[in-house]
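Chemist: My file is data_39.txt. It has compact mmCIF, C-alpha atoms (C1' of nucleotides):
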```
# COMPACT_ATOMS: atom_id res chain seq x y z
CA MET A 187 0.00 0.00 0.00
CA ASN A 188 1.07 3.53 -0.71
CA SER A 189 2.29 5.83 2.06
CA PHE A 190 -0.06 8.57 0.81
CA THR A 191 -3.20 6.64 -0.01
CA THR A 192 -3.38 4.59 3.17
CA PRO A 193 -3.66 7.49 5.65
CA LEU A 194 -5.69 9.48 3.11
CA LEU A 195 -8.33 6.80 2.61
CA LYS A 196 -8.51 6.06 6.32
CA TRP A 197 -9.05 9.75 7.06
CA PHE A 198 -11.66 10.05 4.29
CA GLN A 199 -13.57 7.07 5.61
CA HIS A 200 -14.33 8.67 8.95
CA SER A 201 -14.14 12.39 8.08
CA LYS A 202 -16.08 12.77 4.88
CA ARG A 203 -19.12 14.99 4.84
CA ASP A 204 -22.50 13.50 4.16
CA LEU A 205 -23.30 15.14 0.81
CA PRO A 206 -26.37 14.32 -1.30
CA TRP A 207 -24.40 13.08 -4.33
CA ARG A 208 -22.42 10.71 -2.15
CA GLN A 209 -25.48 8.54 -1.69
CA THR A 210 -25.46 7.33 -5.29
CA THR A 211 -23.26 5.76 -7.94
CA ASN A 212 -25.70 6.71 -10.71
CA PRO A 213 -23.45 8.31 -13.37
CA TYR A 214 -26.16 10.79 -14.39
CA LEU A 215 -26.45 12.10 -10.84
CA ILE A 216 -22.67 12.17 -10.39
CA TRP A 217 -22.44 14.11 -13.64
CA VAL A 218 -25.03 16.68 -12.56
CA SER A 219 -23.27 17.18 -9.23
CA GLU A 220 -19.88 17.64 -10.88
CA ILE A 221 -21.15 20.27 -13.31
CA ILE A 222 -22.91 22.17 -10.53
CA LEU A 223 -19.76 22.10 -8.40
CA GLN A 224 -17.51 23.58 -11.10
CA GLN A 225 -16.13 26.80 -9.57
CA THR A 226 -18.95 26.62 -7.04
CA ARG A 227 -18.89 26.06 -3.30
CA VAL A 228 -20.51 22.94 -1.93
CA ASP A 229 -22.70 25.07 0.35
CA GLN A 230 -24.05 26.96 -2.63
CA GLY A 231 -24.42 23.89 -4.83
CA ILE A 232 -26.41 21.59 -2.54
CA SER A 233 -29.81 23.25 -2.90
CA TYR A 234 -29.35 23.54 -6.66
CA TYR A 235 -28.47 19.86 -6.89
CA GLU A 236 -31.57 18.88 -4.91
CA LYS A 237 -33.79 21.07 -7.07
CA PHE A 238 -32.17 19.89 -10.30
CA ILE A 239 -32.55 16.15 -9.72
CA LYS A 240 -36.06 16.64 -8.39
CA THR A 241 -37.00 18.45 -11.61
CA PHE A 242 -34.97 16.17 -13.89
CA PRO A 243 -34.69 12.81 -12.05
CA THR A 244 -33.21 10.96 -15.03
CA LEU A 245 -31.21 11.74 -18.13
CA ALA A 246 -34.39 11.21 -20.16
CA HIS A 247 -36.18 13.92 -18.18
CA LEU A 248 -33.33 16.34 -18.83
CA ALA A 249 -33.05 15.43 -22.51
CA ASN A 250 -36.77 15.97 -23.05
CA ALA A 251 -36.98 19.25 -21.17
CA SER A 252 -36.91 22.68 -22.81
CA PHE A 253 -33.77 24.76 -22.45
CA ASN A 254 -35.83 27.44 -20.79
CA ASP A 255 -36.84 25.05 -18.01
CA VAL A 256 -33.22 23.97 -17.49
CA LEU A 257 -32.10 27.58 -17.28
CA LEU A 258 -34.88 28.32 -14.82
CA VAL A 259 -33.54 25.70 -12.41
CA TRP A 260 -30.03 27.11 -12.90
CA GLN A 261 -31.16 30.70 -12.22
CA GLY A 262 -28.92 32.38 -9.64
CA LEU A 263 -26.11 29.81 -9.79
CA GLY A 264 -24.00 31.60 -12.39
CA TYR A 265 -21.85 30.35 -15.27
CA TYR A 266 -25.01 29.68 -17.22
CA ARG A 267 -23.16 28.02 -20.08
CA ARG A 268 -23.01 24.99 -17.79
CA ALA A 269 -26.78 24.60 -18.05
CA GLN A 270 -26.63 24.86 -21.82
CA ASN A 271 -23.83 22.28 -22.03
CA LEU A 272 -25.55 19.92 -19.62
CA HIS A 273 -28.76 20.08 -21.63
CA ASN A 274 -27.02 19.69 -24.99
CA SER A 275 -25.00 16.72 -23.78
CA ALA A 276 -28.06 15.07 -22.26
CA LYS A 277 -29.89 15.33 -25.58
CA LEU A 278 -26.86 13.97 -27.42
CA ILE A 279 -26.47 10.97 -25.11
CA PHE A 280 -30.18 10.23 -25.04
CA ASN A 281 -30.65 10.46 -28.80
CA THR A 282 -27.57 8.47 -29.77
CA LEU A 283 -28.62 4.86 -30.11
CA PRO A 284 -28.03 2.48 -28.58
CA PHE A 285 -28.53 4.57 -25.46
CA ARG A 286 -25.64 4.20 -23.06
CA PHE A 287 -24.07 6.64 -20.63
CA PRO A 288 -20.43 7.35 -21.60
CA SER A 289 -18.33 5.32 -19.18
CA THR A 290 -14.71 6.20 -19.89
CA TYR A 291 -12.57 9.30 -19.45
CA VAL A 292 -12.05 9.58 -23.20
CA GLU A 293 -15.75 9.29 -24.04
CA LEU A 294 -16.82 11.69 -21.30
CA LYS A 295 -14.34 14.34 -22.32
CA LYS A 296 -15.95 14.58 -25.76
CA LEU A 297 -19.11 16.03 -24.22
CA ASP A 298 -19.71 19.79 -24.00
CA GLY A 299 -18.89 21.11 -20.57
CA ILE A 300 -16.75 18.13 -19.55
CA GLY A 301 -13.05 18.87 -19.37
CA ASP A 302 -10.09 17.08 -17.79
CA TYR A 303 -11.31 17.38 -14.24
CA THR A 304 -14.96 16.43 -14.75
CA ALA A 305 -14.19 13.53 -17.08
CA ALA A 306 -11.77 12.10 -14.51
CA ALA A 307 -14.17 12.70 -11.62
CA ILE A 308 -17.09 10.89 -13.28
CA ALA A 309 -14.91 8.10 -14.69
CA SER A 310 -13.27 7.41 -11.33
CA ILE A 311 -16.28 7.88 -9.04
CA ALA A 312 -18.97 6.20 -11.14
CA PHE A 313 -16.86 3.73 -13.17
CA GLN A 314 -13.70 3.13 -11.06
CA GLU A 315 -11.36 4.21 -13.84
CA PRO A 316 -7.90 5.10 -12.42
CA VAL A 317 -7.61 8.68 -13.68
CA ALA A 318 -6.64 11.74 -11.63
CA ALA A 319 -9.35 14.35 -10.99
CA ILE A 320 -7.34 17.52 -10.42
CA ASP A 321 -9.26 20.52 -9.15
CA GLY A 322 -8.25 23.53 -7.11
CA ASN A 323 -8.35 21.57 -3.86
CA VAL A 324 -6.09 18.83 -5.16
CA MET A 325 -3.61 21.33 -6.57
CA ARG A 326 -3.47 23.14 -3.24
CA VAL A 327 -2.84 19.90 -1.32
CA TRP A 328 0.02 18.70 -3.53
CA SER A 329 1.40 22.20 -3.80
CA ARG A 330 1.89 22.16 -0.02
CA VAL A 331 2.95 18.54 0.35
CA PHE A 332 5.80 19.01 -2.14
CA CYS A 333 6.28 22.79 -1.92
CA LEU A 334 5.56 23.20 -5.62
CA SER A 335 6.47 26.64 -6.87
CA HIS A 336 3.94 27.10 -9.65
CA PRO A 337 1.02 29.48 -9.24
CA MET A 338 -2.47 28.19 -8.59
CA ASN A 339 -4.38 27.15 -11.71
CA SER A 340 -1.25 27.17 -13.85
CA PRO A 341 -0.96 24.35 -16.40
CA GLN A 342 2.44 23.52 -14.91
CA LEU A 343 0.98 22.88 -11.46
CA LYS A 344 -1.79 20.77 -12.95
CA LYS A 345 0.73 18.70 -14.91
CA LYS A 346 2.88 18.22 -11.80
CA CYS A 347 -0.14 16.99 -9.82
CA SER A 348 -1.02 14.62 -12.61
CA GLU A 349 2.45 13.07 -12.45
CA ILE A 350 2.27 12.76 -8.67
CA MET A 351 -1.13 11.06 -8.72
CA GLU A 352 -0.67 8.59 -11.54
CA PRO A 353 1.14 5.95 -9.43
CA LEU A 354 -1.36 6.41 -6.57
CA LEU A 355 -4.45 5.50 -8.55
CA GLY A 356 -3.49 2.14 -9.99
CA GLU A 357 -4.11 -0.10 -7.02
CA ALA A 358 -7.69 0.45 -5.91
CA HIS A 359 -10.43 2.95 -5.06
CA PRO A 360 -9.51 5.68 -7.57
CA GLY A 361 -12.84 7.44 -6.94
CA ASP A 362 -12.26 7.54 -3.20
CA ILE A 363 -8.68 8.73 -3.57
CA ASN A 364 -9.79 11.59 -5.82
CA GLN A 365 -12.64 12.53 -3.52
CA ALA A 366 -10.44 12.23 -0.43
CA LEU A 367 -7.94 14.73 -1.84
CA MET A 368 -10.72 17.15 -2.74
CA GLU A 369 -12.32 16.72 0.66
CA LEU A 370 -8.99 17.27 2.38
CA GLY A 371 -8.44 20.47 0.42
CA ALA A 372 -11.95 21.71 1.11
CA THR A 373 -12.14 20.97 4.83
CA VAL A 374 -8.57 20.78 6.23
CA CYS A 375 -5.96 21.99 3.75
CA LYS A 376 -7.90 25.22 3.25
CA PRO A 377 -6.50 28.27 1.42
CA GLY A 378 -6.31 30.72 4.32
CA ASP A 379 -5.72 28.76 7.48
CA PRO A 380 -4.91 25.11 6.92
CA MET A 381 -5.64 22.94 9.95
CA CYS A 382 -2.43 20.97 9.75
CA ASP A 383 -2.93 19.30 13.13
CA GLN A 384 -5.90 17.41 11.68
CA CYS A 385 -4.21 16.43 8.43
CA PRO A 386 -3.54 12.77 7.65
CA LEU A 387 -0.60 13.83 5.46
CA LYS A 388 1.14 16.13 7.95
CA GLN A 389 4.09 13.77 8.41
CA LEU A 390 4.62 13.75 4.66
CA CYS A 391 4.01 17.45 4.03
CA LYS A 392 7.10 19.52 3.25
CA ALA A 393 5.29 22.85 3.69
CA HIS A 394 3.98 21.90 7.12
CA GLN A 395 7.33 20.57 8.30
CA SER A 396 9.02 23.84 7.40
CA GLY A 397 6.10 25.89 8.72
CA ASN A 398 5.49 27.35 5.27
CA GLN A 399 2.01 25.99 4.64
CA ARG A 400 0.60 29.51 4.32
CA SER A 401 3.06 30.33 1.54
CA TYR A 402 1.60 27.67 -0.74
CA PRO A 403 0.19 27.49 -3.27
CA LEU A 404 1.63 30.56 -5.00
CA LYS A 405 -1.09 33.04 -5.83
CA ALA A 406 -2.48 33.31 -9.32
CA PRO A 407 -2.36 36.80 -10.84
CA LYS A 408 -5.52 38.84 -10.39
CA PRO A 409 -7.78 38.95 -13.42
CA LYS A 410 -8.20 42.26 -15.19
CA THR A 411 -11.68 43.67 -14.88
CA ARG A 412 -13.58 46.01 -17.12
CA THR A 413 -16.22 48.47 -16.03
CA ARG A 414 -19.60 48.69 -17.73
CA PHE A 415 -22.65 50.92 -17.39
CA PHE A 416 -26.12 49.45 -17.86
CA LEU A 417 -29.33 51.47 -18.01
CA PHE A 418 -32.33 49.22 -17.59
CA LEU A 419 -35.62 50.66 -18.80
CA VAL A 420 -38.29 49.38 -16.48
CA ASN A 421 -41.76 49.76 -17.84
CA LEU A 422 -44.73 48.55 -15.88
CA HIS A 423 -47.80 48.79 -18.07
CA LEU A 424 -51.30 47.45 -18.39
CA ARG A 425 -52.21 45.09 -21.22
CA ASP A 426 -55.75 43.72 -21.21
CA GLN A 427 -56.13 44.93 -17.62
CA THR A 428 -53.03 42.91 -16.69
CA PRO A 429 -49.84 44.43 -15.24
CA CYS A 430 -46.93 43.62 -17.56
CA ILE A 431 -43.26 44.49 -18.08
CA TRP A 432 -41.10 44.46 -21.18
CA ILE A 433 -38.30 41.91 -21.15
CA GLU A 434 -35.81 40.68 -23.73
CA GLN A 435 -33.50 37.69 -23.97
CA ARG A 436 -29.73 38.19 -23.89
CA GLY A 437 -27.82 36.79 -26.81
CA ALA A 438 -24.52 34.99 -27.30
CA GLY A 439 -21.07 36.46 -26.90
CA ASP A 440 -21.62 38.24 -23.60
CA ILE A 441 -22.52 37.63 -19.98
CA TRP A 442 -25.83 36.04 -18.96
CA GLN A 443 -26.35 34.28 -22.28
CA GLY A 444 -29.93 33.09 -22.67
CA LEU A 445 -31.24 34.89 -19.60
CA TYR A 446 -33.82 37.68 -19.67
CA GLN A 447 -33.53 41.33 -18.69
CA PHE A 448 -35.38 44.61 -18.98
CA PRO A 449 -34.65 46.45 -22.22
CA MET A 450 -31.20 47.89 -21.63
CA ILE A 451 -28.95 50.60 -22.99
CA GLU A 452 -25.22 50.28 -22.40
CA THR A 453 -23.16 53.47 -22.22
CA ASN A 454 -19.45 54.14 -21.93
CA ALA A 455 -19.84 56.29 -18.84
CA PRO A 456 -22.29 56.83 -15.97
CA PRO A 457 -25.65 58.25 -17.07
CA ASP A 458 -25.42 61.97 -17.80
CA SER A 459 -27.20 64.46 -20.00
CA GLU A 460 -25.80 62.80 -23.08
CA SER A 461 -27.07 59.34 -22.28
CA LEU A 462 -30.40 60.73 -21.13
CA ALA A 463 -30.65 62.59 -24.41
CA HIS A 464 -30.09 59.27 -26.07
CA ILE A 465 -32.98 57.83 -24.12
CA GLU A 466 -35.09 60.86 -24.93
CA HIS A 467 -34.43 60.14 -28.56
CA LEU A 468 -36.43 57.01 -27.99
CA THR A 469 -39.49 59.21 -27.84
CA SER A 470 -40.26 57.88 -31.26
CA MET A 471 -40.61 54.50 -29.66
CA GLY A 472 -43.30 55.81 -27.36
CA LEU A 473 -41.24 57.34 -24.58
CA THR A 474 -43.18 60.51 -23.84
CA GLU A 475 -41.54 61.60 -20.61
CA LYS A 476 -37.86 62.21 -19.88
CA PRO A 477 -36.59 59.60 -17.44
CA ASP A 478 -35.35 61.02 -14.15
CA ILE A 479 -31.96 59.58 -13.28
CA GLN A 480 -32.31 60.93 -9.74
CA LYS A 481 -35.15 58.52 -9.18
CA ALA A 482 -33.29 55.57 -10.64
CA VAL A 483 -32.31 52.63 -8.48
CA TYR A 484 -28.56 52.12 -8.61
CA VAL A 485 -26.86 48.77 -8.03
CA LYS A 486 -23.23 47.75 -8.36
CA HIS A 487 -22.74 44.14 -9.37
CA LYS A 488 -19.35 42.49 -9.55
CA LEU A 489 -18.50 39.55 -11.76
CA THR A 490 -15.12 37.84 -11.99
CA HIS A 491 -13.97 39.97 -14.93
CA GLN A 492 -16.44 42.84 -14.91
CA THR A 493 -17.84 45.49 -12.59
CA LEU A 494 -21.33 46.44 -13.62
CA HIS A 495 -22.90 49.75 -12.68
CA CYS A 496 -26.64 49.30 -13.13
CA TRP A 497 -29.39 51.89 -13.09
CA PHE A 498 -33.02 50.88 -13.15
CA ILE A 499 -35.12 53.69 -14.60
CA ASN A 500 -38.88 53.74 -14.63
CA THR A 501 -40.15 54.76 -18.04
CA ASN A 502 -43.46 55.02 -19.78
CA LEU A 503 -42.22 53.28 -22.90
CA GLU A 504 -45.38 52.28 -24.68
CA LYS A 505 -43.83 50.10 -27.35
CA PRO A 506 -41.02 47.58 -27.19
CA LEU A 507 -37.50 48.99 -27.46
CA THR A 508 -36.63 46.28 -29.97
CA GLU A 509 -38.48 43.72 -32.02
CA SER A 510 -37.48 40.94 -29.65
CA CYS A 511 -39.03 42.45 -26.54
CA ILE A 512 -41.84 40.60 -24.83
CA SER A 513 -44.64 42.16 -22.81
CA LEU A 514 -44.67 39.74 -19.89
CA PRO A 515 -47.47 39.62 -17.32
CA MET A 516 -45.99 40.14 -13.87
CA SER A 517 -47.71 36.96 -12.77
CA GLU A 518 -45.56 35.01 -15.27
CA THR A 519 -42.10 36.28 -14.30
CA HIS A 520 -41.40 33.04 -12.47
CA ARG A 521 -41.35 31.22 -15.82
CA PHE A 522 -38.27 33.09 -17.06
CA ALA A 523 -34.69 33.04 -15.85
CA PHE A 524 -33.17 36.40 -14.87
CA PRO A 525 -29.65 37.42 -13.82
CA ARG A 526 -29.26 38.13 -10.11
CA PRO A 527 -29.50 41.96 -10.28
CA ILE A 528 -32.67 41.80 -12.37
CA LEU A 529 -34.20 39.19 -10.10
CA ASN A 530 -33.39 41.28 -7.04
CA TYR A 531 -34.96 44.39 -8.57
CA LEU A 532 -38.02 42.43 -9.58
CA HIS A 533 -38.59 41.12 -6.08
CA THR A 534 -37.60 44.25 -4.19
CA TYR A 535 -39.35 46.93 -6.23
CA LEU A 536 -41.74 45.59 -8.86
CA LYS A 537 -43.62 42.91 -6.98
CA PRO A 538 -44.31 45.16 -3.95
CA GLU A 539 -45.38 47.98 -6.27
CA ILE A 540 -47.93 45.77 -7.97
CA GLU A 541 -49.32 44.64 -4.65
CA SER A 542 -49.59 48.15 -3.23
CA ASP A 543 -50.65 50.17 -6.27
CA CYS A 544 -54.41 50.08 -6.78
CA THR A 545 -54.12 50.98 -10.45
CA PHE A 546 -52.71 47.50 -10.94
CA CYS A 547 -55.32 45.71 -8.86
C1' DC B 205 -1.69 30.06 -23.32
C1' DA B 206 -4.39 33.95 -21.45
C1' DT B 207 -8.91 35.31 -20.91
C1' DA B 208 -13.98 35.23 -20.20
C1' DC B 209 -17.62 33.28 -17.79
C1' DG B 210 -21.55 34.35 -11.94
C1' DT B 211 -22.50 34.23 -7.49
C1' DG B 212 -22.30 34.64 -2.53
C1' DG B 213 -19.98 33.76 1.79
C1' DA B 214 -15.97 34.56 4.66
C1' DA B 215 -12.16 37.40 6.25
C1' DT C 153 -16.34 48.07 2.12
C1' DT C 154 -13.26 45.44 -0.48
C1' DT C 155 -10.90 41.29 -1.49
C1' DC C 156 -10.56 36.58 -2.03
C1' DC C 157 -11.98 32.63 -4.06
C1' DA C 158 -14.93 27.79 -4.94
C1' DA C 159 -15.36 20.13 -7.00
C1' DG C 160 -13.25 24.28 -14.41
C1' DT C 161 -14.27 24.71 -19.40
C1' DA C 162 -14.05 26.72 -23.94
C1' DT C 163 -11.70 29.43 -27.01
```
Any chance you could give the structure as structure tokens?

Modeler:
Amino acid sequence: MNSFTTPLLKWFQHSKRDLPWRQTTNPYLIWVSEIILQQTRVDQGISYYEKFIKTFPTLAHLANASFNDVLLVWQGLGYYRRAQNLHNSAKLIFNTLPFRFPSTYVELKKLDGIGDYTAAAIASIAFQEPVAAIDGNVMRVWSRVFCLSHPMNSPQLKKKCSEIMEPLLGEAHPGDINQALMELGATVCKPGDPMCDQCPLKQLCKAHQSGNQRSYPLKAPKPKTRTRFFLFLVNLHLRDQTPCIWIEQRGAGDIWQGLYQFPMIETNAPPDSESLAHIEHLTSMGLTEKPDIQKAVYVKHKLTHQTLHCWFINTNLEKPLTESCISLPMSETHRFAFPRPILNYLHTYLKPEIESDCTFC
DNA sequence: CATACGTGGAA
DNA sequence: TTTCCAAGTAT
């Protein structure tokens, strides 16, 4: 037995958390959990996993669902391309006869949304294939154990981890070894304050022995961020005695692909007389009153690579801003997926307004 | 290979 | 308040 895997597996056996996806070996469910957990904390992912498998209990359910319904379940989780990829891959698997869930690393990796890590995770956990699942946790653990001097997320560090793990996975329990390393990274060998006293690998860890555990892994460079200014035109109106709002779907090539928003104007600077003049120009579209920026609701929303400055402006736009706008009854907003800032505005300002304003009763 | 892609909880 | 960052992938 290996000097790493023996203490690791023993520790995992009695220290692992009781997580919903650990109660199954169903590859479909393992797959769903792995996609949800990409760049996502376990705490945040659990409720989404529960909701997802309740809505789509089998691959057939997912394959036969509409993309809109998949996106709706994903609403609020972020990285929405994951939902698209999951749905596309489910349809592909389900419609390729004879129906069989891909069961090897190589087959899995061909699917949209499944890269090195996820292919190895599913192959090892659901099919016992001895392949290394290397995520951020695993890289942090090995980075400390061997004092590796490559920055986090660098291809070099990933390659190094792959070389370290290859001889460990051949004997038995590749799925448990992968999960044990991830669990160790998530609960003990944490980024900020590793709890080395509880670590099954402390005798083997070079960083701990030299007291340098906090110096590893080396930090990845900060991503550059760009700043954007969004003006959302909020228009509550009556259609057939029913309170409605205009919404439009976001397209490809930008954030929030496939989600819905209020008609929006993006400017290069915070709203000023120039941008308001631009909005005024929309008078031809039915805007009969100049929007008052002072009354706008302002929200700052930060993404990994962007800082969004959002203003929500009430308008009396009588026609859609573009051809693709939909006049949606307020009672139907729960059928569409919105980005977090839109959803927050909807629930904080629009829903209460409808309930309190008698003109909409 | 560097960069874009969300969100929310902890420090 | 700001910063960090979490079970990565696609391009």

Chemist: Hey, can you check how far CA of Arg412 in chain A sits from CA of Val485 in chain A?

Modeler: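 The value is 16.3 Å.
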
Chemist: Restrict the distance test to all atoms listed in the file, flag each residue of chain A within 6 Å of chain C, and return the flagged residues as a PyMOL selection string.

Modeler: chain A and resi 223-227+299+301

Chemist: One decimal, Å: what's the distance from CA of Ile232 in chain A over to CA of Leu294 in chain A, could you say?

Modeler: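 Taking CA of Ile232 in chain A and CA of Leu294 in chain A, their separation equals 23.3 Å.
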
Chemist: Show me, as a ChimeraX atom specification, the residues that have an atom within 12 Å of range 372-388 of chain A when counting all atoms listed in the file, minus same-chain residues fewer than 6 positions from it.

Modeler: /A:189-203,226-229,321-332,338,365-366,394-405 /B:214-215 /C:156-159

Chemist: Quick one, how far is CA of Leu343 in chain A from CA of Leu390 in chain A?

Modeler: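 Atom-to-atom, CA of Leu343 in chain A to CA of Leu390 in chain A, that is 18.9 Å.
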
Chemist: I need the chain A residues near chain B as number ranges by chain; criterion: at most 10 Å, counting all atoms listed in the file.

Modeler: A: 225-227, 229-230, 262-268, 340-341, 378, 409-410, 439-443, 488-492, 525-526

Chemist: Which polymer residues, whether protein, DNA or RNA, lie within 8 Å of the coordinate (-22.4, 16.1, -19.9) when you count only C-alpha atoms (C1' of nucleotides)? List them as a ChimeraX atom specification, using the chain letters and numbers from the file.

Modeler: /A:217-218,221,271-276,294,297-300

Chemist: Next, the residues of the selection above should be written as an mmCIF file, in the coordinates of the input with C-alpha atoms.

Modeler:
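So result-v2.cif came out as:
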```cif
data_model
loop_
_atom_site.group_PDB
_atom_site.id
_atom_site.type_symbol
_atom_site.label_atom_id
_atom_site.label_comp_id
_atom_site.auth_asym_id
_atom_site.auth_seq_id
_atom_site.Cartn_x
_atom_site.Cartn_y
_atom_site.Cartn_z
ATOM 1 C CA TRP A 217 -22.440 14.110 -13.640
ATOM 2 C CA VAL A 218 -25.030 16.680 -12.560
ATOM 3 C CA ILE A 221 -21.150 20.270 -13.310
ATOM 4 C CA ASN A 271 -23.830 22.280 -22.030
ATOM 5 C CA LEU A 272 -25.550 19.920 -19.620
ATOM 6 C CA HIS A 273 -28.760 20.080 -21.630
ATOM 7 C CA ASN A 274 -27.020 19.690 -24.990
ATOM 8 C CA SER A 275 -25.000 16.720 -23.780
ATOM 9 C CA ALA A 276 -28.060 15.070 -22.260
ATOM 10 C CA LEU A 294 -16.820 11.690 -21.300
ATOM 11 C CA LEU A 297 -19.110 16.030 -24.220
ATOM 12 C CA ASP A 298 -19.710 19.790 -24.000
ATOM 13 C CA GLY A 299 -18.890 21.110 -20.570
ATOM 14 C CA ILE A 300 -16.750 18.130 -19.550
#
```

Chemist: Excluding Ile308 in chain A and any residue of its chain fewer than 2 positions from it, enumerate the residues within 7 Å of it, using all atoms listed in the file, and give them as a list of chain:residue names.

Modeler: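 Near Ile308 in chain A, the qualifying residues are A:Pro213, A:Ile216, A:Trp217, A:Thr304, A:Ala305, A:Ala306, A:Ser310, A:Ile311, A:Ala312.
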
Chemist: Which residues come within 8 Å of Ser289 in chain A, counting only C-alpha atoms (C1' of nucleotides), excluding same-chain residues fewer than 2 positions away, as an MDAnalysis selection string?

Modeler: chainID A and resid 287 291 293:294 309 313

Chemist: Each side padded by 4 Å, which centre and which edge lengths in Å (one decimal) define the axis-aligned box around the listed atoms of chain B? Give them as AutoDock Vina command-line options.

Modeler:
```
--center_x -12.1 --center_y 33.7 --center_z -8.5 --size_x 28.8 --size_y 15.3 --size_z 37.6
```

Chemist: Please reconstruct the missing atoms of range 252-269 of chain A (target: N, CA and C atoms) and return them as a PDB file, keeping the file's coordinate frame.

Modeler:
```pdb
ATOM      1  N   SER A 252     -37.273  21.522 -21.990  1.00  0.00           N
ATOM      2  CA  SER A 252     -36.910  22.680 -22.810  1.00  0.00           C
ATOM      3  C   SER A 252     -35.714  23.364 -22.167  1.00  0.00           C
ATOM      4  N   PHE A 253     -34.929  24.058 -23.007  1.00  0.00           N
ATOM      5  CA  PHE A 253     -33.770  24.760 -22.450  1.00  0.00           C
ATOM      6  C   PHE A 253     -34.197  25.798 -21.436  1.00  0.00           C
ATOM      7  N   ASN A 254     -35.331  26.422 -21.717  1.00  0.00           N
ATOM      8  CA  ASN A 254     -35.830  27.440 -20.790  1.00  0.00           C
ATOM      9  C   ASN A 254     -36.052  26.872 -19.381  1.00  0.00           C
ATOM     10  N   ASP A 255     -36.594  25.664 -19.321  1.00  0.00           N
ATOM     11  CA  ASP A 255     -36.840  25.050 -18.010  1.00  0.00           C
ATOM     12  C   ASP A 255     -35.542  24.685 -17.304  1.00  0.00           C
ATOM     13  N   VAL A 256     -34.527  24.288 -18.090  1.00  0.00           N
ATOM     14  CA  VAL A 256     -33.220  23.970 -17.490  1.00  0.00           C
ATOM     15  C   VAL A 256     -32.590  25.240 -16.916  1.00  0.00           C
ATOM     16  N   LEU A 257     -32.667  26.302 -17.716  1.00  0.00           N
ATOM     17  CA  LEU A 257     -32.100  27.580 -17.280  1.00  0.00           C
ATOM     18  C   LEU A 257     -32.801  28.103 -16.033  1.00  0.00           C
ATOM     19  N   LEU A 258     -34.097  27.859 -15.966  1.00  0.00           N
ATOM     20  CA  LEU A 258     -34.880  28.320 -14.820  1.00  0.00           C
ATOM     21  C   LEU A 258     -34.388  27.679 -13.525  1.00  0.00           C
ATOM     22  N   VAL A 259     -34.064  26.388 -13.591  1.00  0.00           N
ATOM     23  CA  VAL A 259     -33.540  25.700 -12.410  1.00  0.00           C
ATOM     24  C   VAL A 259     -32.143  26.219 -12.061  1.00  0.00           C
ATOM     25  N   TRP A 260     -31.417  26.642 -13.090  1.00  0.00           N
ATOM     26  CA  TRP A 260     -30.030  27.110 -12.900  1.00  0.00           C
ATOM     27  C   TRP A 260     -29.982  28.565 -12.428  1.00  0.00           C
ATOM     28  N   GLN A 261     -31.103  29.267 -12.526  1.00  0.00           N
ATOM     29  CA  GLN A 261     -31.160  30.700 -12.220  1.00  0.00           C
ATOM     30  C   GLN A 261     -30.512  31.021 -10.868  1.00  0.00           C
ATOM     31  N   GLY A 262     -29.570  31.953 -10.879  1.00  0.00           N
ATOM     32  CA  GLY A 262     -28.920  32.380  -9.640  1.00  0.00           C
ATOM     33  C   GLY A 262     -27.623  31.656  -9.338  1.00  0.00           C
ATOM     34  N   LEU A 263     -27.325  30.591 -10.075  1.00  0.00           N
ATOM     35  CA  LEU A 263     -26.110  29.810  -9.790  1.00  0.00           C
ATOM     36  C   LEU A 263     -24.889  30.345 -10.530  1.00  0.00           C
ATOM     37  N   GLY A 264     -25.125  31.043 -11.649  1.00  0.00           N
ATOM     38  CA  GLY A 264     -24.000  31.600 -12.390  1.00  0.00           C
ATOM     39  C   GLY A 264     -23.394  30.621 -13.393  1.00  0.00           C
ATOM     40  N   TYR A 265     -22.483  31.145 -14.194  1.00  0.00           N
ATOM     41  CA  TYR A 265     -21.850  30.350 -15.270  1.00  0.00           C
ATOM     42  C   TYR A 265     -22.915  29.540 -16.020  1.00  0.00           C
ATOM     43  N   TYR A 266     -23.808  30.287 -16.647  1.00  0.00           N
ATOM     44  CA  TYR A 266     -25.010  29.680 -17.220  1.00  0.00           C
ATOM     45  C   TYR A 266     -24.730  28.783 -18.424  1.00  0.00           C
ATOM     46  N   ARG A 267     -23.531  28.900 -18.984  1.00  0.00           N
ATOM     47  CA  ARG A 267     -23.160  28.020 -20.080  1.00  0.00           C
ATOM     48  C   ARG A 267     -23.198  26.546 -19.622  1.00  0.00           C
ATOM     49  N   ARG A 268     -22.962  26.354 -18.318  1.00  0.00           N
ATOM     50  CA  ARG A 268     -23.010  24.990 -17.790  1.00  0.00           C
ATOM     51  C   ARG A 268     -24.370  24.344 -18.010  1.00  0.00           C
ATOM     52  N   ALA A 269     -25.426  25.132 -17.857  1.00  0.00           N
ATOM     53  CA  ALA A 269     -26.780  24.600 -18.050  1.00  0.00           C
ATOM     54  C   ALA A 269     -27.003  24.236 -19.509  1.00  0.00           C
TER      55      ALA A 269
END
```
